[in-house]
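For reference, start21.cif is printed below; it contains mmCIF, C-alpha atoms and all ligand atoms.
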data_structure
#
loop_
_atom_site.label_atom_id
_atom_site.label_comp_id
_atom_site.auth_asym_id
_atom_site.auth_seq_id
_atom_site.Cartn_x
_atom_site.Cartn_y
_atom_site.Cartn_z
CA MET A 6 117.54 99.85 89.19
CA THR A 7 119.34 97.59 86.73
CA VAL A 8 121.86 94.93 87.42
CA ALA A 9 125.15 95.53 85.67
CA LEU A 10 127.25 92.54 84.79
CA ALA A 11 130.94 93.24 84.54
CA ILE A 12 132.26 90.63 82.17
CA ALA A 13 135.96 91.17 81.84
CA PHE A 14 137.14 88.33 79.67
CA VAL A 15 140.11 89.01 77.45
CA PRO A 16 138.75 89.55 73.95
CA SER A 17 140.21 87.08 71.52
CA LEU A 18 140.42 86.84 67.76
CA PHE A 19 138.88 83.45 68.23
CA ALA A 20 135.80 84.75 69.95
CA PHE A 21 132.54 85.96 68.48
CA ASP A 22 129.55 88.04 69.52
CA LEU A 23 125.95 86.99 69.19
CA GLU A 24 123.08 89.44 68.93
CA GLY A 25 119.47 88.55 68.61
CA LYS A 26 115.87 89.14 69.32
CA VAL A 27 113.26 87.00 71.03
CA LYS A 28 109.78 87.45 69.62
CA VAL A 29 106.31 85.98 69.87
CA GLU A 30 103.77 85.69 67.06
CA PRO A 31 100.63 87.79 67.24
CA PRO A 32 98.03 88.22 68.59
CA TYR A 33 99.73 89.83 71.57
CA PRO A 34 97.85 89.64 74.86
CA GLU A 35 97.08 92.83 76.78
CA PRO A 36 99.06 93.30 79.98
CA SER A 37 97.02 91.90 82.84
CA LEU A 38 96.09 93.87 85.96
CA LEU A 39 96.63 92.15 89.26
CA PRO A 40 94.26 93.05 92.10
CA VAL A 41 95.73 94.36 95.34
CA ASP A 42 94.23 93.18 98.64
CA GLU A 43 92.14 95.85 100.36
CA LYS A 44 94.52 96.16 103.30
CA TYR A 45 97.48 96.98 101.02
CA VAL A 46 95.76 99.46 98.70
CA ALA A 47 96.91 102.49 100.74
CA ASP A 48 100.56 101.41 100.32
CA CYS A 49 100.48 99.80 96.90
CA GLY A 50 97.57 101.26 94.96
CA PRO A 51 94.43 99.50 93.70
CA HIS A 52 96.18 97.16 91.25
CA LYS A 53 99.53 96.27 89.72
CA ILE A 54 100.43 95.61 86.10
CA SER A 55 101.70 92.07 85.73
CA SER A 56 105.37 91.71 84.83
CA ARG A 57 104.92 88.16 83.59
CA LEU A 58 104.65 88.97 79.89
CA LYS A 59 105.91 92.22 78.40
CA ILE A 60 105.69 92.49 74.63
CA SER A 61 106.82 95.43 72.51
CA PRO A 62 104.61 96.70 69.63
CA ASP A 63 106.54 94.54 67.13
CA GLY A 64 106.38 91.39 69.23
CA GLY A 65 109.69 91.61 71.10
CA VAL A 66 109.62 89.70 74.37
CA ALA A 67 111.23 91.30 77.44
CA ASN A 68 112.73 89.32 80.31
CA ALA A 69 113.62 86.17 78.41
CA VAL A 70 116.79 84.47 79.64
CA VAL A 71 119.16 83.51 76.85
CA GLN A 72 121.93 81.10 77.79
CA LEU A 73 124.61 79.15 75.96
CA GLU A 74 125.18 75.55 76.87
CA GLY A 75 128.70 74.30 76.56
CA ASP A 76 131.87 73.44 78.42
CA PHE A 77 133.38 76.73 79.53
CA SER A 78 135.36 75.21 82.38
CA THR A 79 138.73 76.21 80.96
CA LEU A 80 137.84 79.91 81.01
CA ARG A 81 138.97 82.27 83.68
CA GLU A 82 136.54 82.50 86.56
CA MET A 83 133.77 85.06 86.44
CA PRO A 84 134.38 88.28 88.32
CA LEU A 85 132.12 88.41 91.35
CA GLN A 86 132.27 92.14 91.94
CA GLY A 87 129.33 94.06 90.66
CA ASP A 88 126.25 95.87 91.68
CA PHE A 89 123.81 93.02 91.96
CA VAL A 90 120.65 94.50 93.37
CA LEU A 91 117.08 93.36 93.81
CA ASP A 92 115.00 96.26 95.08
CA GLN A 93 111.50 96.31 96.49
CA ILE A 94 109.93 99.57 95.42
CA ASP A 95 106.27 100.54 94.99
CA CYS A 96 105.32 96.99 95.95
CA GLU A 97 107.27 95.46 93.07
CA PHE A 98 110.66 93.83 92.68
CA LYS A 99 113.05 95.70 90.41
CA PRO A 100 114.43 94.31 88.22
CA HIS A 101 111.96 91.55 87.48
CA LEU A 102 114.80 89.30 86.45
CA ALA A 103 118.39 89.58 87.69
CA LEU A 104 121.43 87.75 86.32
CA VAL A 105 123.91 87.03 89.09
CA PRO A 106 127.20 85.12 88.96
CA GLN A 107 127.32 82.03 91.14
CA GLY A 108 128.65 83.03 94.59
CA ALA A 109 128.34 86.80 94.09
CA ALA A 110 126.77 88.96 96.79
CA VAL A 111 123.29 90.18 95.95
CA SER A 112 121.83 93.16 97.83
CA ILE A 113 118.12 92.83 98.45
CA LEU A 114 116.73 96.27 99.29
CA ASN A 115 113.53 97.65 100.73
CA SER A 116 112.98 101.12 99.26
CA ASP A 117 109.41 101.22 100.53
CA GLY A 118 108.48 102.62 103.91
CA PHE A 119 106.62 99.51 105.03
CA LEU A 120 107.08 95.79 105.61
CA HIS A 121 108.00 93.29 102.91
CA ASN A 122 108.70 89.62 103.58
CA VAL A 123 111.21 88.33 101.09
CA ARG A 124 111.29 84.60 100.42
CA ALA A 125 113.43 82.72 97.90
CA PHE A 126 112.76 79.27 96.45
CA ASP A 127 114.92 77.06 94.26
CA GLU A 128 113.69 75.04 91.27
CA LYS A 129 112.52 72.24 93.57
CA ALA A 130 110.42 74.79 95.52
CA GLU A 131 112.72 74.44 98.54
CA MET A 132 112.78 77.66 100.55
CA LEU A 133 116.28 79.18 100.68
CA PHE A 134 115.47 82.06 103.01
CA ASN A 135 112.55 83.90 104.53
CA ASP A 136 113.27 87.36 105.93
CA ALA A 137 111.07 90.18 107.15
CA MET A 138 112.23 93.57 105.91
CA PRO A 139 110.27 96.19 107.87
CA LYS A 140 112.46 99.25 107.38
CA LYS A 141 112.90 101.65 104.50
CA GLY A 142 116.47 101.45 103.22
CA GLN A 143 117.08 98.03 104.77
CA VAL A 144 119.59 95.84 102.89
CA LEU A 145 119.94 92.08 103.02
CA LYS A 146 123.03 90.44 101.48
CA LYS A 147 122.58 86.98 99.99
CA ARG A 148 124.76 84.61 97.99
CA PHE A 149 123.58 81.83 95.71
CA ASP A 150 126.13 79.06 95.45
CA ARG A 151 124.57 76.86 92.80
CA PRO A 152 123.60 77.80 89.24
CA GLY A 153 119.90 77.78 88.53
CA ARG A 154 116.70 79.74 88.64
CA ILE A 155 115.56 81.19 91.95
CA ILE A 156 112.09 82.64 92.37
CA VAL A 157 111.79 85.42 94.93
CA ARG A 158 108.41 86.27 96.40
CA CYS A 159 106.96 88.53 99.05
CA GLY A 160 105.04 86.72 101.75
CA LEU A 161 102.63 89.65 102.14
CA HIS A 162 102.04 90.99 98.64
CA HIS A 163 101.08 87.96 96.58
CA TRP A 164 101.61 89.66 93.18
CA MET A 165 105.28 90.41 93.94
CA HIS A 166 107.74 88.01 92.37
CA ALA A 167 111.08 88.17 90.61
CA PHE A 168 113.71 85.77 89.35
CA VAL A 169 117.38 85.55 90.19
CA ILE A 170 119.23 83.58 87.52
CA VAL A 171 122.46 82.24 89.00
CA GLN A 172 125.05 81.91 86.24
CA GLU A 173 127.89 79.41 86.14
CA HIS A 174 129.53 81.20 83.18
CA PRO A 175 129.24 84.64 81.55
CA PHE A 176 127.40 83.58 78.40
CA TYR A 177 123.94 84.60 79.52
CA ALA A 178 121.74 87.55 78.64
CA VAL A 179 118.30 88.91 79.43
CA THR A 180 116.22 90.44 76.66
CA ASN A 181 115.44 94.14 77.00
CA GLU A 182 112.06 95.84 76.54
CA LYS A 183 112.31 95.34 72.76
CA GLY A 184 113.34 91.71 73.01
CA TYR A 185 117.00 92.29 72.11
CA PHE A 186 119.96 90.56 73.67
CA LYS A 187 123.71 90.38 73.12
CA ILE A 188 126.27 87.85 74.31
CA SER A 189 129.88 88.91 73.79
CA SER A 190 133.28 87.23 73.45
CA ILE A 191 132.01 83.69 72.98
CA PRO A 192 134.82 81.18 72.36
CA GLN A 193 134.67 79.60 68.89
CA GLY A 194 132.55 76.50 68.79
CA THR A 195 129.09 75.03 68.43
CA TYR A 196 126.54 75.53 71.17
CA THR A 197 122.95 75.08 72.12
CA LEU A 198 121.30 78.42 72.78
CA ARG A 199 118.63 77.91 75.40
CA VAL A 200 115.88 80.45 75.95
CA TRP A 201 113.51 80.53 78.90
CA HIS A 202 110.59 82.81 79.58
CA GLU A 203 108.27 82.46 82.55
CA GLU A 204 105.08 82.52 80.46
CA LEU A 205 106.25 81.33 77.06
CA GLY A 206 108.40 78.45 78.28
CA GLU A 207 111.58 77.07 76.77
CA ALA A 208 113.03 77.14 73.30
CA GLU A 209 116.43 76.25 71.88
CA LYS A 210 118.51 76.64 68.78
CA GLU A 211 121.91 75.33 67.65
CA ILE A 212 124.42 78.07 66.95
CA ASN A 213 128.08 78.28 65.98
CA SER A 214 130.77 80.88 65.35
CA GLN A 215 129.13 81.80 62.04
CA THR A 216 125.93 82.81 63.82
CA ASN A 217 126.25 86.51 64.54
CA SER A 218 122.59 87.37 64.75
CA LEU A 219 119.35 85.51 65.02
CA ILE A 220 115.66 85.92 65.69
CA LEU A 221 113.94 83.38 67.84
CA THR A 222 110.15 83.38 67.63
CA TYR A 223 107.77 81.65 70.00
CA SER A 224 104.89 80.31 67.96
CA SER A 225 102.12 81.14 70.43
CA ARG A 226 101.37 81.76 74.04
CA ARG A 227 101.34 78.59 76.11
CU CU A 301 105.93 92.94 99.84
#
What does the file become when written as structure tokens?
Amino acid sequence: MTVALAIAFVPSLFAFDLEGKVKVEPPYPEPSLLPVDEKYVADCGPHKISSRLKISPDGGVANAVVQLEGDFSTLREMPLQGDFVLDQIDCEFKPHLALVPQGAAVSILNSDGFLHNVRAFDEKAEMLFNDAMPKKGQVLKKRFDRPGRIIVRCGLHHWMHAFVIVQEHPFYAVTNEKGYFKISSIPQGTYTLRVWHEELGEAEKEINSQTNSLILTYSSRR
């Protein structure tokens, strides 16, 4: 299930769109297989494919967070309505990375017919919540009031993790399977574009209204 972001800012002649691609230089690592504990194999299968680093055949990096830094405080507030969902299905979180406006309600689901134990931690590793979800179809509603990066884990299935990126403004994007992203209706100006990926780390680039497309390449795996 994907998370749809409804960004309803009034388009302006003085705004611009930015498209781009996040890449990594070869050689590209093979996806790693994560072992499943014996007692969970019946539910989850013998192993899981790691979601930490997904690279397309031409080096596009999925699940990188692209974010503009700037003062957007004069803009209209972000709409909080939307279908912000983090599902637990087949012993994995879907999506692996969810963008969520600050203060919006996020539905955490259990689509599996067995127990998950969802735990969220902020960037200082402080636990925000810790809830058992034993039932199929169970829904937990959570709100995140401060911008930042939340890691969500399952207390039972050690390979399960996902990120909730809490946005303070709409100028964020997550790269798709091919590494592409698009940020729309950016007010004219000069910004720092900050990129974060859980394996590849951080990168940044200065952009301005003349920058309509760019390719950002990580030099190697860290
Ligand atoms: Cu679990």
- Of the candidates A:Gly65, A:Gly50, A:Pro32, A:Gly108, which one gets nearest to A:Lys147 if we count only C-alpha atoms? A:Gly108
Closest contacts (stretch 73-189 of chain A/stretch 202-220 of chain A, max 10 Å, only C-alpha atoms) as JSON lines:
{"residue": "A:Leu73", "atom": "CA", "partner": "A:Ile212", "partner_atom": "CA", "distance": 9.1}
{"residue": "A:Glu74", "atom": "CA", "partner": "A:Glu211", "partner_atom": "CA", "distance": 9.8}
{"residue": "A:Phe168", "atom": "CA", "partner": "A:Glu203", "partner_atom": "CA", "distance": 9.3}
{"residue": "A:Val179", "atom": "CA", "partner": "A:His202", "partner_atom": "CA", "distance": 9.8}
{"residue": "A:Thr180", "atom": "CA", "partner": "A:His202", "partner_atom": "CA", "distance": 9.9}
{"residue": "A:Gly184", "atom": "CA", "partner": "A:Ile220", "partner_atom": "CA", "distance": 9.6}
{"residue": "A:Tyr185", "atom": "CA", "partner": "A:Ile220", "partner_atom": "CA", "distance": 9.1}
{"residue": "A:Phe186", "atom": "CA", "partner": "A:Ser218", "partner_atom": "CA", "distance": 9.8}
{"residue": "A:Lys187", "atom": "CA", "partner": "A:Ser218", "partner_atom": "CA", "distance": 9.0}
{"residue": "A:Ile188", "atom": "CA", "partner": "A:Asn217", "partner_atom": "CA", "distance": 9.9}
Output C-alpha atoms of each residue in that selection to a file, as a PDB file, in the coordinates of the input.
ATOM      1  CA  LEU A  73     124.610  79.150  75.960  1.00  0.00           C
ATOM      2  CA  GLU A  74     125.180  75.550  76.870  1.00  0.00           C
ATOM      3  CA  PHE A 168     113.710  85.770  89.350  1.00  0.00           C
ATOM      4  CA  VAL A 179     118.300  88.910  79.430  1.00  0.00           C
ATOM      5  CA  THR A 180     116.220  90.440  76.660  1.00  0.00           C
ATOM      6  CA  GLY A 184     113.340  91.710  73.010  1.00  0.00           C
ATOM      7  CA  TYR A 185     117.000  92.290  72.110  1.00  0.00           C
ATOM      8  CA  PHE A 186     119.960  90.560  73.670  1.00  0.00           C
ATOM      9  CA  LYS A 187     123.710  90.380  73.120  1.00  0.00           C
ATOM     10  CA  ILE A 188     126.270  87.850  74.310  1.00  0.00           C
TER      11      ILE A 188
END
- Determine the nearest neighbour of A:Gln193 from the options A:Pro139, A:Ala20, A:Ala103, A:Ala67, counting all atoms listed in the file. A:Ala20
- Message: As a quick test: using all atoms listed in the file, which residues lie no more than 8 Å away from ligand CU 301 (chain A)? Give them as a list in words.
- Response: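 The neighbouring residues of ligand CU 301 (chain A) are, in order, Gln93, Cys96, Glu97, Leu120, His121, Asn122, Val123, Arg158, Cys159, Gly160, Leu161, His162, His163 and Met165 of chain A.
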Kindly export the residues of the current selection with C-alpha atoms, as a PDB file, in the coordinates of the input.
ATOM      1  CA  GLN A  93     111.500  96.310  96.490  1.00  0.00           C
ATOM      2  CA  CYS A  96     105.320  96.990  95.950  1.00  0.00           C
ATOM      3  CA  GLU A  97     107.270  95.460  93.070  1.00  0.00           C
ATOM      4  CA  LEU A 120     107.080  95.790 105.610  1.00  0.00           C
ATOM      5  CA  HIS A 121     108.000  93.290 102.910  1.00  0.00           C
ATOM      6  CA  ASN A 122     108.700  89.620 103.580  1.00  0.00           C
ATOM      7  CA  VAL A 123     111.210  88.330 101.090  1.00  0.00           C
ATOM      8  CA  ARG A 158     108.410  86.270  96.400  1.00  0.00           C
ATOM      9  CA  CYS A 159     106.960  88.530  99.050  1.00  0.00           C
ATOM     10  CA  GLY A 160     105.040  86.720 101.750  1.00  0.00           C
ATOM     11  CA  LEU A 161     102.630  89.650 102.140  1.00  0.00           C
ATOM     12  CA  HIS A 162     102.040  90.990  98.640  1.00  0.00           C
ATOM     13  CA  HIS A 163     101.080  87.960  96.580  1.00  0.00           C
ATOM     14  CA  MET A 165     105.280  90.410  93.940  1.00  0.00           C
TER      15      MET A 165
END
Find the spatial neighbours of A:Tyr177, counting all atoms listed in the file, within a cut-off of 8 Å - ignore same-chain residues fewer than 4 positions away - and output them as a PDB file with C-alpha atoms, in the coordinates of the input.
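So the final result, stored in out.pdb, reads:
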ATOM      1  CA  VAL A  70     116.790  84.470  79.640  1.00  0.00           C
ATOM      2  CA  VAL A  71     119.160  83.510  76.850  1.00  0.00           C
ATOM      3  CA  GLN A  72     121.930  81.100  77.790  1.00  0.00           C
ATOM      4  CA  LEU A  73     124.610  79.150  75.960  1.00  0.00           C
ATOM      5  CA  LEU A 104     121.430  87.750  86.320  1.00  0.00           C
ATOM      6  CA  GLN A 172     125.050  81.910  86.240  1.00  0.00           C
ATOM      7  CA  ILE A 188     126.270  87.850  74.310  1.00  0.00           C
TER       8      ILE A 188
END
- Task: Would you mind telling me which residue in A:Lys146, A:Phe77, A:Pro106, A:Ala69 lies nearest to A:Asn181 when using all atoms listed in the file?
- Result: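 Smallest distance to A:Asn181 is found for A:Ala69.
Each of A:Glu131, A:Glu24, A:Glu182, A:Asp42 was checked against A:Asp63 using only C-alpha atoms; the smallest atom-to-atom distance is that of A:Glu182.
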- Message: Measuring between all atoms listed in the file, which one of A:Glu173, A:Ile54, A:Arg199, A:Asn135 shows the shortest distance to A:Met83?
- Response: A:Glu173
Atoms added to stretch 196-210 of chain A (N, CA and C atoms), reported as a short mmCIF file (atom, residue, chain, number, x, y, z; two decimals), keeping the file's coordinate frame:
data_model
loop_
_atom_site.label_atom_id
_atom_site.label_comp_id
_atom_site.auth_asym_id
_atom_site.auth_seq_id
_atom_site.Cartn_x
_atom_site.Cartn_y
_atom_site.Cartn_z
N TYR A 196 127.25 75.51 69.88
CA TYR A 196 126.54 75.53 71.17
C TYR A 196 125.05 75.36 70.97
N THR A 197 124.40 74.97 72.06
CA THR A 197 122.95 75.08 72.12
C THR A 197 122.61 76.38 72.83
N LEU A 198 121.79 77.18 72.17
CA LEU A 198 121.30 78.42 72.78
C LEU A 198 119.95 78.08 73.41
N ARG A 199 119.87 78.25 74.70
CA ARG A 199 118.63 77.91 75.40
C ARG A 199 117.94 79.19 75.85
N VAL A 200 116.65 79.26 75.58
CA VAL A 200 115.88 80.45 75.95
C VAL A 200 114.78 80.01 76.91
N TRP A 201 114.58 80.82 77.95
CA TRP A 201 113.51 80.53 78.90
C TRP A 201 112.76 81.81 79.20
N HIS A 202 111.45 81.69 79.17
CA HIS A 202 110.59 82.81 79.58
C HIS A 202 109.49 82.27 80.48
N GLU A 203 109.17 83.01 81.53
CA GLU A 203 108.27 82.46 82.55
C GLU A 203 106.88 82.13 82.05
N GLU A 204 106.40 82.83 81.02
CA GLU A 204 105.08 82.52 80.46
C GLU A 204 105.18 81.67 79.21
N LEU A 205 106.17 81.94 78.39
CA LEU A 205 106.25 81.33 77.06
C LEU A 205 106.99 80.00 77.07
N GLY A 206 107.72 79.74 78.14
CA GLY A 206 108.40 78.45 78.28
C GLY A 206 109.79 78.44 77.66
N GLU A 207 110.20 77.25 77.23
CA GLU A 207 111.58 77.07 76.77
C GLU A 207 111.64 76.91 75.26
N ALA A 208 112.76 77.34 74.72
CA ALA A 208 113.03 77.14 73.30
C ALA A 208 114.53 76.97 73.16
N GLU A 209 114.98 76.36 72.06
CA GLU A 209 116.43 76.25 71.88
C GLU A 209 116.77 76.26 70.41
N LYS A 210 118.04 76.55 70.15
CA LYS A 210 118.51 76.64 68.78
C LYS A 210 120.00 76.30 68.79
#
